[in-house]
Amino acid sequence: MMRVFSTMGGKIEQIENAGKGSWVCLSDPTDVELAGLAQDTGIDLADLRAPLDDEERSRVDVEDDYTMVIVDIPTAEERDGRDFYETIPLSIIVTEDLIITVCMQDTPLLHPFMEGTIRGFNTFMKSRFILQILYRNASMYLRYLRIIDRESDKLELKLRHSMQNREILMLLELSKALVYFATSLKSNEIVLEKMTGLDRIKQYPDDEDLLGDVITENKQAIEMANIYSSVLSGMTDAFGSIVSNNVNNVMRIFTIISISLSVPTLIFSMYGMNFQDGMLGMPLSGRPWGFIAVVILSTVLTGFVTWILTRSRFFK
């Protein structure tokens with residue numbers, strides 16, 4: 001889908017055709033839209049397609065007629081009733097007349113710009129627009145990181161009461177999301193460093209302060225992602241040890257039960273042997289109350305063996 005916006009009278013409005021100072025927003029674009037835009041603007045079609053590959057790396061490319069900035073942005077995908085977090089590329093292409101954004105999906109990152117709720121946003125001020133997008137991108141990372149932290153706390157409470165595979169798998173998904181976030185944020189940091197020395201895009205007086213704010217927000221997001229990743233990794237290892245310990249406790253109980261049951265099994269198997277006439281029989285086998293006596297004896301011995309095993313240091 002291709003939408004065109006322009007600032008008119010201090011307000012952002014959607015227009016039909018792109019003109020000087022317009023913003024062209026491409027969300028999950030078709031081949032026809034990409035080919036038409038490439039023909040109208042002279043941008044290489046391969047550059048327009050670049051952010052549609054989810055493995056595309058963050059970078060800054062300076063061409064003769066345009067400059068392309070690709071950054072990774074966070075996104076949440078709902079699966080099985082819950083959100084899964086990952087990152088996707090977003091490209092910002094600046095030409096002499098236009099600023100173009102291309103993304104493989106309609107990202108909420110750009111919605112406030114379309115709605116005109118970003119203070120100081122103007123489609124004619126290209127460098128400030130780029131920095132405002134990057135600032136909001138870093139802010140979205142921070143927001144998603146706080147959500148992930150709250151979800152990990154909820155999972156920790158659930159895992160204290162029950163060790164279900166579902167909770168452990170959810171914990172691993174959050175850990176994977178944090179790895180993606182940390183990697184993408186570091187790549188975005190390299191892009192910001194390159195932008196500080198980029199003279200191609202016109203700078204405005206307030207852009208230097210805004211760039212500093214973007215760098216600060218991005219560094220804070222990197223630190224939070226690393227901290228949460230370390231905490232989650234430690235939590236995963238701890239619960240893995242707890243699961244292993246629980247398995248050992250179950251095996252301990254089964255071992256005690258198995259050894260205890262071997263006592264009456266041994267006794268009754270001996271009494272089940274056939275003896276020839278005239279040979280010495282088993283004790284109490286000739287008594288009418290012998291069977292009851294053997295059962296009581298085996299029960300007492302089984303209880304004694306169980307008591308010994310439960311207090312043995314080998315089964316603690």
# chains A, B, ... in the order shown; residues from 1 in each chain; ligands from 1
call {"tool": "residues_around", "arguments": {"residues": "range 122-127 of chain A", "least_positions_apart": "4", "cutoff": "9 Å", "atoms": "only C-alpha atoms", "output": "JSON, numbers by chain"}}
result
{"A": [5, 6, 7, 10, 11, 12, 20, 21, 22, 23, 94, 97, 98, 99, 131, 132, 201, 202, 203, 204, 207]}
call {"tool": "write_last_selection", "arguments": {"atoms": "C-alpha atoms", "output": "PDB file, in the first residue's frame"}}
result
ATOM      1  CA  PHE A   5       1.397  12.836   2.913  1.00  0.00           C
ATOM      2  CA  SER A   6       2.352  16.483   2.967  1.00  0.00           C
ATOM      3  CA  THR A   7       2.371  19.256   5.540  1.00  0.00           C
ATOM      4  CA  GLY A  10       0.935  23.296   9.703  1.00  0.00           C
ATOM      5  CA  LYS A  11      -1.112  20.077   9.468  1.00  0.00           C
ATOM      6  CA  ILE A  12      -0.311  16.725   7.929  1.00  0.00           C
ATOM      7  CA  LYS A  20       8.065  18.606  -3.633  1.00  0.00           C
ATOM      8  CA  GLY A  21       8.388  18.154   0.121  1.00  0.00           C
ATOM      9  CA  SER A  22       6.024  15.160   0.270  1.00  0.00           C
ATOM     10  CA  TRP A  23       6.357  11.950   2.254  1.00  0.00           C
ATOM     11  CA  VAL A  94      15.798  10.937   0.945  1.00  0.00           C
ATOM     12  CA  ASP A  97      12.201  16.496  -3.441  1.00  0.00           C
ATOM     13  CA  LEU A  98      10.842  13.548  -1.466  1.00  0.00           C
ATOM     14  CA  ILE A  99      11.318  11.435   1.614  1.00  0.00           C
ATOM     15  CA  LEU A 131      15.697  11.856  13.484  1.00  0.00           C
ATOM     16  CA  GLN A 132      12.109  11.928  14.734  1.00  0.00           C
ATOM     17  CA  ILE A 201      21.157  15.799   4.321  1.00  0.00           C
ATOM     18  CA  LYS A 202      20.514  19.417   5.291  1.00  0.00           C
ATOM     19  CA  GLN A 203      20.755  19.986   9.035  1.00  0.00           C
ATOM     20  CA  TYR A 204      18.509  22.352  10.992  1.00  0.00           C
ATOM     21  CA  ASP A 207      18.754  18.735  14.798  1.00  0.00           C
TER      22      ASP A 207
END
call {"tool": "select_by_dssp", "arguments": {"residues": "range 67-119 of chain A", "states": "alpha helix (DSSP H)", "output": "list in words"}}
result
His111, Pro112, Phe113, Met114 and Glu115 of chain A
call {"tool": "write_last_selection", "arguments": {"atoms": "N, CA, C and O atoms", "output": "PDB file, in the first residue's frame"}}
result
ATOM      1  N   HIS A 111       2.493   5.587  12.521  1.00  0.00           N
ATOM      2  CA  HIS A 111       1.106   6.050  12.644  1.00  0.00           C
ATOM      3  C   HIS A 111       0.993   7.453  13.250  1.00  0.00           C
ATOM      4  O   HIS A 111       0.202   8.271  12.752  1.00  0.00           O
ATOM      5  N   PRO A 112       1.743   7.789  14.305  1.00  0.00           N
ATOM      6  CA  PRO A 112       1.633   9.152  14.853  1.00  0.00           C
ATOM      7  C   PRO A 112       2.025  10.230  13.849  1.00  0.00           C
ATOM      8  O   PRO A 112       1.469  11.340  13.885  1.00  0.00           O
ATOM      9  N   PHE A 113       2.958   9.930  12.949  1.00  0.00           N
ATOM     10  CA  PHE A 113       3.324  10.902  11.921  1.00  0.00           C
ATOM     11  C   PHE A 113       2.170  11.097  10.934  1.00  0.00           C
ATOM     12  O   PHE A 113       1.896  12.218  10.502  1.00  0.00           O
ATOM     13  N   MET A 114       1.497  10.002  10.590  1.00  0.00           N
ATOM     14  CA  MET A 114       0.354  10.105   9.683  1.00  0.00           C
ATOM     15  C   MET A 114      -0.804  10.866  10.319  1.00  0.00           C
ATOM     16  O   MET A 114      -1.541  11.581   9.629  1.00  0.00           O
ATOM     17  N   GLU A 115      -0.938  10.698  11.629  1.00  0.00           N
ATOM     18  CA  GLU A 115      -2.046  11.351  12.336  1.00  0.00           C
ATOM     19  C   GLU A 115      -1.718  12.776  12.755  1.00  0.00           C
ATOM     20  O   GLU A 115      -2.591  13.490  13.254  1.00  0.00           O
TER      21      GLU A 115
END
call {"tool": "select_by_dssp", "arguments": {"residues": "range 81-306 of chain A", "states": "strand (DSSP E)", "output": "list in words"}}
result
Arg82, Asp83, Phe84, Tyr85, Glu86, Thr87, Ile88, Pro89, Leu90, Ser91, Ile92, Ile93, Val94, Leu98, Ile99, Ile100, Thr101, Val102 and Cys103 of chain A
call {"tool": "write_last_selection", "arguments": {"atoms": "C-alpha atoms", "output": "PDB file, in the first residue's frame"}}
result
ATOM      1  CA  ARG A  82      -0.066 -13.780  22.846  1.00  0.00           C
ATOM      2  CA  ASP A  83       2.503 -11.397  21.375  1.00  0.00           C
ATOM      3  CA  PHE A  84       5.845 -12.512  19.978  1.00  0.00           C
ATOM      4  CA  TYR A  85       8.490  -9.830  19.518  1.00  0.00           C
ATOM      5  CA  GLU A  86      10.956  -9.520  16.656  1.00  0.00           C
ATOM      6  CA  THR A  87      12.600  -6.884  14.479  1.00  0.00           C
ATOM      7  CA  ILE A  88      12.078  -5.940  10.835  1.00  0.00           C
ATOM      8  CA  PRO A  89      13.935  -3.461   8.574  1.00  0.00           C
ATOM      9  CA  LEU A  90      12.628  -0.004   7.709  1.00  0.00           C
ATOM     10  CA  SER A  91      14.252   2.090   5.004  1.00  0.00           C
ATOM     11  CA  ILE A  92      14.186   5.895   4.802  1.00  0.00           C
ATOM     12  CA  ILE A  93      15.150   7.221   1.382  1.00  0.00           C
ATOM     13  CA  VAL A  94      15.798  10.937   0.945  1.00  0.00           C
ATOM     14  CA  LEU A  98      10.842  13.548  -1.466  1.00  0.00           C
ATOM     15  CA  ILE A  99      11.318  11.435   1.614  1.00  0.00           C
ATOM     16  CA  ILE A 100      10.252   7.807   1.210  1.00  0.00           C
ATOM     17  CA  THR A 101       9.752   5.127   3.845  1.00  0.00           C
ATOM     18  CA  VAL A 102       9.484   1.445   2.914  1.00  0.00           C
ATOM     19  CA  CYS A 103       8.532  -1.388   5.267  1.00  0.00           C
TER      20      CYS A 103
END
call {"tool": "atom_distance", "arguments": {"atom1": "CA of Arg59 in chain A", "atom2": "CA of Val71 in chain A"}}
result
6.9 Å
call {"tool": "residues_around", "arguments": {"residues": "Thr302 in chain A", "least_positions_apart": "4", "cutoff": "9 Å", "atoms": "only C-alpha atoms", "output": "NGL selection string"}}
result
:A and (259-264 or 297-298 or 306-307)
call {"tool": "write_last_selection", "arguments": {"atoms": "N, CA and C atoms", "output": "mmCIF file, in the first residue's frame"}}
result
data_model
loop_
_atom_site.group_PDB
_atom_site.id
_atom_site.type_symbol
_atom_site.label_atom_id
_atom_site.label_comp_id
_atom_site.auth_asym_id
_atom_site.auth_seq_id
_atom_site.Cartn_x
_atom_site.Cartn_y
_atom_site.Cartn_z
ATOM 1 N N ILE A 259 13.068 -50.538 45.735
ATOM 2 C CA ILE A 259 13.839 -51.365 46.676
ATOM 3 C C ILE A 259 12.925 -51.936 47.753
ATOM 4 N N SER A 260 11.971 -51.121 48.229
ATOM 5 C CA SER A 260 11.072 -51.589 49.283
ATOM 6 C C SER A 260 10.196 -52.733 48.793
ATOM 7 N N LEU A 261 9.695 -52.627 47.568
ATOM 8 C CA LEU A 261 8.835 -53.689 47.045
ATOM 9 C C LEU A 261 9.603 -54.962 46.730
ATOM 10 N N SER A 262 10.919 -54.847 46.596
ATOM 11 C CA SER A 262 11.700 -56.057 46.324
ATOM 12 C C SER A 262 11.746 -56.997 47.534
ATOM 13 N N VAL A 263 11.523 -56.464 48.754
ATOM 14 C CA VAL A 263 11.556 -57.305 49.965
ATOM 15 C C VAL A 263 10.408 -58.304 49.975
ATOM 16 N N PRO A 264 9.123 -57.863 49.905
ATOM 17 C CA PRO A 264 8.042 -58.873 49.869
ATOM 18 C C PRO A 264 8.090 -59.737 48.617
ATOM 19 N N LEU A 297 5.069 -60.439 58.527
ATOM 20 C CA LEU A 297 6.521 -60.321 58.575
ATOM 21 C C LEU A 297 7.054 -59.520 57.389
ATOM 22 N N SER A 298 6.546 -59.819 56.181
ATOM 23 C CA SER A 298 7.020 -59.090 54.991
ATOM 24 C C SER A 298 6.630 -57.618 55.049
ATOM 25 N N THR A 306 11.994 -49.334 54.170
ATOM 26 C CA THR A 306 11.594 -48.005 53.686
ATOM 27 C C THR A 306 12.049 -46.923 54.649
ATOM 28 N N TRP A 307 11.896 -47.170 55.937
ATOM 29 C CA TRP A 307 12.321 -46.199 56.963
ATOM 30 C C TRP A 307 13.835 -45.978 56.893
#
call {"tool": "residues_around", "arguments": {"residues": "range 26-35 of chain A", "least_positions_apart": "6", "cutoff": "7 Å", "atoms": "only C-alpha atoms", "output": "list in words"}}
result
Met1, Met2, Arg3, Leu45, Leu48, Thr101, Val102, Cys103, Met104, Gln105 and Asp106 of chain A
call {"tool": "residues_around", "arguments": {"residues": "range 186-199 of chain A", "least_positions_apart": "3", "cutoff": "9 Å", "atoms": "only C-alpha atoms", "output": "ChimeraX atom specification"}}
result
/A:57-60,69-72,134,181-183,202-203,208,211,214-215,218-219,222
call {"tool": "write_last_selection", "arguments": {"atoms": "N, CA, C and O atoms", "output": "PDB file, in the first residue's frame"}}
result
ATOM      1  N   ARG A  57      20.401  -5.952   6.635  1.00  0.00           N
ATOM      2  CA  ARG A  57      21.142  -5.340   7.739  1.00  0.00           C
ATOM      3  C   ARG A  57      20.964  -3.821   7.740  1.00  0.00           C
ATOM      4  O   ARG A  57      20.680  -3.197   6.703  1.00  0.00           O
ATOM      5  N   SER A  58      21.142  -3.230   8.892  1.00  0.00           N
ATOM      6  CA  SER A  58      21.054  -1.775   9.018  1.00  0.00           C
ATOM      7  C   SER A  58      22.295  -1.138   8.394  1.00  0.00           C
ATOM      8  O   SER A  58      23.414  -1.593   8.612  1.00  0.00           O
ATOM      9  N   ARG A  59      22.068  -0.058   7.643  1.00  0.00           N
ATOM     10  CA  ARG A  59      23.203   0.588   6.978  1.00  0.00           C
ATOM     11  C   ARG A  59      22.771   1.948   6.438  1.00  0.00           C
ATOM     12  O   ARG A  59      21.594   2.295   6.436  1.00  0.00           O
ATOM     13  N   VAL A  60      23.761   2.691   5.962  1.00  0.00           N
ATOM     14  CA  VAL A  60      23.544   3.974   5.285  1.00  0.00           C
ATOM     15  C   VAL A  60      24.225   3.895   3.933  1.00  0.00           C
ATOM     16  O   VAL A  60      25.428   3.648   3.848  1.00  0.00           O
ATOM     17  N   VAL A  69      18.730   5.179   4.315  1.00  0.00           N
ATOM     18  CA  VAL A  69      19.047   4.767   5.683  1.00  0.00           C
ATOM     19  C   VAL A  69      18.140   3.590   6.025  1.00  0.00           C
ATOM     20  O   VAL A  69      16.908   3.694   5.936  1.00  0.00           O
ATOM     21  N   ILE A  70      18.740   2.462   6.403  1.00  0.00           N
ATOM     22  CA  ILE A  70      17.968   1.280   6.810  1.00  0.00           C
ATOM     23  C   ILE A  70      18.245   1.001   8.279  1.00  0.00           C
ATOM     24  O   ILE A  70      19.406   0.902   8.692  1.00  0.00           O
ATOM     25  N   VAL A  71      17.184   0.901   9.070  1.00  0.00           N
ATOM     26  CA  VAL A  71      17.288   0.590  10.493  1.00  0.00           C
ATOM     27  C   VAL A  71      16.327  -0.553  10.819  1.00  0.00           C
ATOM     28  O   VAL A  71      15.373  -0.812  10.081  1.00  0.00           O
ATOM     29  N   ASP A  72      16.605  -1.229  11.916  1.00  0.00           N
ATOM     30  CA  ASP A  72      15.717  -2.282  12.398  1.00  0.00           C
ATOM     31  C   ASP A  72      14.733  -1.687  13.391  1.00  0.00           C
ATOM     32  O   ASP A  72      15.129  -0.935  14.291  1.00  0.00           O
ATOM     33  N   LEU A 134      13.783   7.947  14.101  1.00  0.00           N
ATOM     34  CA  LEU A 134      14.760   7.187  14.882  1.00  0.00           C
ATOM     35  C   LEU A 134      14.538   7.347  16.381  1.00  0.00           C
ATOM     36  O   LEU A 134      14.720   6.395  17.149  1.00  0.00           O
ATOM     37  N   PHE A 181      16.580  -7.900  19.834  1.00  0.00           N
ATOM     38  CA  PHE A 181      16.536  -6.471  20.143  1.00  0.00           C
ATOM     39  C   PHE A 181      17.942  -5.919  20.356  1.00  0.00           C
ATOM     40  O   PHE A 181      18.289  -4.853  19.831  1.00  0.00           O
ATOM     41  N   ALA A 182      18.744  -6.613  21.140  1.00  0.00           N
ATOM     42  CA  ALA A 182      20.098  -6.128  21.431  1.00  0.00           C
ATOM     43  C   ALA A 182      20.939  -6.049  20.163  1.00  0.00           C
ATOM     44  O   ALA A 182      21.661  -5.066  19.941  1.00  0.00           O
ATOM     45  N   THR A 183      20.826  -7.060  19.305  1.00  0.00           N
ATOM     46  CA  THR A 183      21.588  -7.058  18.054  1.00  0.00           C
ATOM     47  C   THR A 183      21.151  -5.918  17.139  1.00  0.00           C
ATOM     48  O   THR A 183      21.980  -5.216  16.549  1.00  0.00           O
ATOM     49  N   LYS A 202      20.471  18.089   4.677  1.00  0.00           N
ATOM     50  CA  LYS A 202      20.514  19.417   5.291  1.00  0.00           C
ATOM     51  C   LYS A 202      20.163  19.337   6.772  1.00  0.00           C
ATOM     52  O   LYS A 202      19.198  18.708   7.168  1.00  0.00           O
ATOM     53  N   GLN A 203      20.974  19.973   7.599  1.00  0.00           N
ATOM     54  CA  GLN A 203      20.755  19.986   9.035  1.00  0.00           C
ATOM     55  C   GLN A 203      20.088  21.289   9.464  1.00  0.00           C
ATOM     56  O   GLN A 203      20.398  22.355   8.945  1.00  0.00           O
ATOM     57  N   GLU A 208      20.852  18.965  16.001  1.00  0.00           N
ATOM     58  CA  GLU A 208      21.977  18.444  16.773  1.00  0.00           C
ATOM     59  C   GLU A 208      21.520  17.947  18.141  1.00  0.00           C
ATOM     60  O   GLU A 208      21.936  16.870  18.596  1.00  0.00           O
ATOM     61  N   LEU A 211      19.496  14.756  17.599  1.00  0.00           N
ATOM     62  CA  LEU A 211      20.374  13.623  17.336  1.00  0.00           C
ATOM     63  C   LEU A 211      20.999  13.102  18.629  1.00  0.00           C
ATOM     64  O   LEU A 211      21.119  11.892  18.833  1.00  0.00           O
ATOM     65  N   VAL A 214      18.431  11.079  20.373  1.00  0.00           N
ATOM     66  CA  VAL A 214      18.257   9.775  19.730  1.00  0.00           C
ATOM     67  C   VAL A 214      19.367   8.820  20.160  1.00  0.00           C
ATOM     68  O   VAL A 214      19.112   7.657  20.498  1.00  0.00           O
ATOM     69  N   ILE A 215      20.613   9.309  20.156  1.00  0.00           N
ATOM     70  CA  ILE A 215      21.742   8.471  20.554  1.00  0.00           C
ATOM     71  C   ILE A 215      21.607   8.037  22.009  1.00  0.00           C
ATOM     72  O   ILE A 215      21.864   6.878  22.364  1.00  0.00           O
ATOM     73  N   ASN A 218      18.858   5.401  22.304  1.00  0.00           N
ATOM     74  CA  ASN A 218      19.300   4.133  21.737  1.00  0.00           C
ATOM     75  C   ASN A 218      20.281   3.418  22.670  1.00  0.00           C
ATOM     76  O   ASN A 218      20.203   2.191  22.853  1.00  0.00           O
ATOM     77  N   LYS A 219      21.188   4.172  23.274  1.00  0.00           N
ATOM     78  CA  LYS A 219      22.127   3.561  24.224  1.00  0.00           C
ATOM     79  C   LYS A 219      21.403   3.024  25.450  1.00  0.00           C
ATOM     80  O   LYS A 219      21.750   1.960  25.972  1.00  0.00           O
ATOM     81  N   ILE A 222      19.878  -0.206  24.509  1.00  0.00           N
ATOM     82  CA  ILE A 222      20.887  -1.270  24.446  1.00  0.00           C
ATOM     83  C   ILE A 222      21.215  -1.785  25.841  1.00  0.00           C
ATOM     84  O   ILE A 222      21.287  -3.004  26.076  1.00  0.00           O
TER      85      ILE A 222
END
call {"tool": "atom_distance", "arguments": {"atom1": "CA of Val300 in chain A", "atom2": "CA of Ser312 in chain A"}}
result
18.4 Å
call {"tool": "residues_around", "arguments": {"residues": "Ser175 in chain A", "least_positions_apart": "5", "cutoff": "12 Å", "atoms": "only C-alpha atoms", "output": "compact mmCIF listing (two decimals) with all heavy atoms, in the first residue's frame"}}
result
# COMPACT_ATOMS: atom_id res chain seq x y z
N PHE A 84 4.47 -12.10 20.17
CA PHE A 84 5.84 -12.51 19.98
C PHE A 84 6.60 -11.33 19.37
O PHE A 84 6.11 -10.71 18.42
CB PHE A 84 5.92 -13.74 19.06
CG PHE A 84 5.45 -15.01 19.69
CD1 PHE A 84 4.09 -15.29 19.78
CD2 PHE A 84 6.36 -15.91 20.22
CE1 PHE A 84 3.65 -16.46 20.37
CE2 PHE A 84 5.93 -17.08 20.81
CZ PHE A 84 4.56 -17.35 20.89
N TYR A 85 7.76 -11.04 19.90
CA TYR A 85 8.49 -9.83 19.52
C TYR A 85 9.67 -10.18 18.62
O TYR A 85 10.39 -11.15 18.87
CB TYR A 85 8.98 -9.09 20.77
CG TYR A 85 7.85 -8.71 21.70
CD1 TYR A 85 7.51 -9.53 22.77
CD2 TYR A 85 7.12 -7.56 21.50
CE1 TYR A 85 6.46 -9.20 23.62
CE2 TYR A 85 6.07 -7.21 22.34
CZ TYR A 85 5.75 -8.04 23.39
OH TYR A 85 4.71 -7.71 24.22
N GLU A 86 9.85 -9.35 17.58
CA GLU A 86 10.96 -9.52 16.66
C GLU A 86 11.28 -8.16 16.05
O GLU A 86 10.67 -7.15 16.42
CB GLU A 86 10.59 -10.54 15.57
CG GLU A 86 9.34 -10.18 14.79
CD GLU A 86 8.96 -11.25 13.79
OE1 GLU A 86 9.64 -12.30 13.74
OE2 GLU A 86 7.99 -11.05 13.05
N LEU A 145 10.65 -3.40 25.61
CA LEU A 145 11.53 -4.02 26.61
C LEU A 145 10.86 -4.04 27.98
O LEU A 145 10.99 -5.02 28.72
CB LEU A 145 12.86 -3.26 26.67
CG LEU A 145 13.83 -3.51 25.52
CD1 LEU A 145 14.98 -2.52 25.57
CD2 LEU A 145 14.36 -4.93 25.55
N ILE A 148 8.30 -6.82 27.89
CA ILE A 148 8.97 -8.12 28.02
C ILE A 148 9.38 -8.37 29.46
O ILE A 148 9.26 -9.48 29.99
CB ILE A 148 10.19 -8.19 27.08
CG1 ILE A 148 9.73 -8.23 25.62
CG2 ILE A 148 11.06 -9.40 27.39
CD1 ILE A 148 10.87 -8.18 24.62
N ASP A 149 9.86 -7.33 30.15
CA ASP A 149 10.26 -7.48 31.54
C ASP A 149 9.06 -7.84 32.41
O ASP A 149 9.16 -8.71 33.30
CB ASP A 149 10.91 -6.18 32.03
CG ASP A 149 11.44 -6.29 33.44
OD1 ASP A 149 12.16 -7.25 33.75
OD2 ASP A 149 11.12 -5.40 34.26
N GLU A 151 6.30 -9.35 31.41
CA GLU A 151 5.89 -10.71 31.07
C GLU A 151 6.81 -11.75 31.70
O GLU A 151 6.36 -12.81 32.14
CB GLU A 151 5.86 -10.88 29.55
CG GLU A 151 4.73 -10.13 28.86
CD GLU A 151 4.60 -10.52 27.40
OE1 GLU A 151 5.34 -11.42 26.96
OE2 GLU A 151 3.76 -9.91 26.71
N SER A 152 8.10 -11.45 31.75
CA SER A 152 9.04 -12.40 32.37
C SER A 152 8.77 -12.51 33.87
O SER A 152 8.91 -13.60 34.44
CB SER A 152 10.48 -11.96 32.11
OG SER A 152 10.75 -10.71 32.72
N ILE A 168 7.99 -22.52 30.17
CA ILE A 168 9.42 -22.55 29.88
C ILE A 168 9.69 -22.14 28.42
O ILE A 168 10.62 -21.39 28.13
CB ILE A 168 10.00 -23.94 30.17
CG1 ILE A 168 9.90 -24.24 31.67
CG2 ILE A 168 11.45 -24.04 29.73
CD1 ILE A 168 10.36 -25.62 32.06
N LEU A 169 8.84 -22.61 27.50
CA LEU A 169 8.99 -22.23 26.10
C LEU A 169 8.73 -20.74 25.90
O LEU A 169 9.40 -20.08 25.10
CB LEU A 169 8.03 -23.05 25.23
CG LEU A 169 8.35 -24.55 25.11
CD1 LEU A 169 7.26 -25.27 24.33
CD2 LEU A 169 9.70 -24.74 24.43
N MET A 170 7.76 -20.18 26.63
CA MET A 170 7.50 -18.75 26.56
C MET A 170 8.71 -17.96 27.07
O MET A 170 9.05 -16.90 26.53
CB MET A 170 6.25 -18.40 27.36
CG MET A 170 4.96 -18.90 26.72
SD MET A 170 3.52 -18.76 27.82
CE MET A 170 3.42 -16.99 28.02
N TYR A 180 17.43 -10.58 19.74
CA TYR A 180 17.16 -9.84 18.50
C TYR A 180 17.20 -8.33 18.75
O TYR A 180 17.76 -7.58 17.94
CB TYR A 180 15.78 -10.23 17.95
CG TYR A 180 15.71 -11.62 17.38
CD1 TYR A 180 14.50 -12.30 17.31
CD2 TYR A 180 16.84 -12.27 16.89
CE1 TYR A 180 14.42 -13.59 16.78
CE2 TYR A 180 16.77 -13.54 16.37
CZ TYR A 180 15.55 -14.20 16.31
OH TYR A 180 15.48 -15.46 15.78
N PHE A 181 16.58 -7.90 19.83
CA PHE A 181 16.54 -6.47 20.14
C PHE A 181 17.94 -5.92 20.36
O PHE A 181 18.29 -4.85 19.83
CB PHE A 181 15.68 -6.23 21.39
CG PHE A 181 14.21 -6.17 21.11
CD1 PHE A 181 13.68 -6.65 19.93
CD2 PHE A 181 13.33 -5.64 22.03
CE1 PHE A 181 12.33 -6.61 19.66
CE2 PHE A 181 11.97 -5.58 21.79
CZ PHE A 181 11.46 -6.07 20.60
N ALA A 182 18.74 -6.61 21.14
CA ALA A 182 20.10 -6.13 21.43
C ALA A 182 20.94 -6.05 20.16
O ALA A 182 21.66 -5.07 19.94
CB ALA A 182 20.77 -7.05 22.46
N ALA A 225 18.27 -3.81 27.16
CA ALA A 225 18.18 -5.11 26.49
C ALA A 225 19.25 -6.07 27.04
O ALA A 225 18.97 -7.25 27.27
CB ALA A 225 18.34 -4.94 24.99
N ASN A 226 20.46 -5.58 27.26
CA ASN A 226 21.53 -6.42 27.79
C ASN A 226 21.22 -6.86 29.23
O ASN A 226 21.46 -8.02 29.60
CB ASN A 226 22.86 -5.68 27.74
CG ASN A 226 23.37 -5.49 26.32
OD1 ASN A 226 23.06 -6.29 25.44
ND2 ASN A 226 24.14 -4.44 26.10
N ILE A 227 20.71 -5.94 30.04
CA ILE A 227 20.38 -6.27 31.43
C ILE A 227 19.26 -7.31 31.49
O ILE A 227 19.36 -8.33 32.18
CB ILE A 227 19.98 -5.00 32.21
CG1 ILE A 227 21.19 -4.08 32.38
CG2 ILE A 227 19.39 -5.36 33.57
CD1 ILE A 227 20.86 -2.73 32.97
N TYR A 228 18.17 -7.05 30.75
CA TYR A 228 17.04 -7.98 30.76
C TYR A 228 17.45 -9.34 30.18
O TYR A 228 16.98 -10.38 30.66
CB TYR A 228 15.88 -7.41 29.95
CG TYR A 228 15.22 -6.21 30.58
CD1 TYR A 228 14.43 -5.34 29.84
CD2 TYR A 228 15.37 -5.94 31.94
CE1 TYR A 228 13.81 -4.23 30.41
CE2 TYR A 228 14.77 -4.84 32.52
CZ TYR A 228 13.99 -3.99 31.75
OH TYR A 228 13.39 -2.88 32.32
N SER A 229 18.32 -9.32 29.17
CA SER A 229 18.78 -10.58 28.59
C SER A 229 19.59 -11.39 29.60
O SER A 229 19.43 -12.61 29.70
CB SER A 229 19.61 -10.30 27.34
OG SER A 229 20.03 -11.49 26.73
N SER A 230 20.45 -10.70 30.36
CA SER A 230 21.24 -11.39 31.38
C SER A 230 20.34 -11.96 32.49
O SER A 230 20.53 -13.09 32.93
CB SER A 230 22.26 -10.43 31.99
OG SER A 230 23.16 -9.95 31.01
N VAL A 231 19.36 -11.15 32.91
CA VAL A 231 18.44 -11.61 33.96
C VAL A 231 17.63 -12.81 33.48
O VAL A 231 17.47 -13.81 34.20
CB VAL A 231 17.50 -10.46 34.38
CG1 VAL A 231 16.40 -10.97 35.29
CG2 VAL A 231 18.28 -9.35 35.06
N LEU A 232 17.14 -12.72 32.25
CA LEU A 232 16.33 -13.80 31.71
C LEU A 232 17.15 -15.06 31.49
O LEU A 232 16.67 -16.18 31.71
CB LEU A 232 15.69 -13.36 30.39
CG LEU A 232 14.34 -13.99 30.02
CD1 LEU A 232 13.32 -13.76 31.12
CD2 LEU A 232 13.83 -13.42 28.72
N SER A 233 18.40 -14.89 31.07
CA SER A 233 19.28 -16.04 30.90
C SER A 233 19.55 -16.72 32.24
O SER A 233 19.52 -17.96 32.34
CB SER A 233 20.59 -15.60 30.26
OG SER A 233 21.48 -16.67 30.14
N GLY A 234 19.80 -15.91 33.28
CA GLY A 234 20.00 -16.48 34.61
C GLY A 234 18.75 -17.17 35.12
O GLY A 234 18.83 -18.24 35.76
N MET A 235 17.59 -16.57 34.84
CA MET A 235 16.33 -17.17 35.27
C MET A 235 16.10 -18.50 34.57
O MET A 235 15.66 -19.48 35.19
CB MET A 235 15.17 -16.21 34.96
CG MET A 235 13.84 -16.63 35.56
SD MET A 235 12.48 -15.58 34.97
CE MET A 235 13.12 -13.95 35.39
N THR A 236 16.40 -18.55 33.28
CA THR A 236 16.23 -19.80 32.52
C THR A 236 17.15 -20.88 33.06
O THR A 236 16.73 -22.04 33.22
CB THR A 236 16.53 -19.55 31.03
OG1 THR A 236 15.69 -18.51 30.54
CG2 THR A 236 16.28 -20.82 30.23
N ASP A 237 18.40 -20.54 33.36
CA ASP A 237 19.33 -21.52 33.93
C ASP A 237 18.86 -22.00 35.30
O ASP A 237 18.97 -23.19 35.62
CB ASP A 237 20.73 -20.91 34.04
CG ASP A 237 21.35 -20.63 32.68
OD1 ASP A 237 20.89 -21.21 31.69
OD2 ASP A 237 22.29 -19.79 32.62
call {"tool": "closest_residue", "arguments": {"among": "A:Thr107, A:Gln220, A:Gln14, A:Thr310", "to": "Thr255 in chain A", "atoms": "only C-alpha atoms"}}
result
A:Thr310
call {"tool": "atom_distance", "arguments": {"atom1": "CA of Glu156 in chain A", "atom2": "CA of Leu171 in chain A"}}
result
8.7 Å
call {"tool": "residues_around", "arguments": {"residues": "Asn165 in chain A", "least_positions_apart": "4", "cutoff": "12 Å", "atoms": "only C-alpha atoms", "output": "MDAnalysis selection string"}}
result
chainID A and resid 155 158:159 169:172 239:240 243
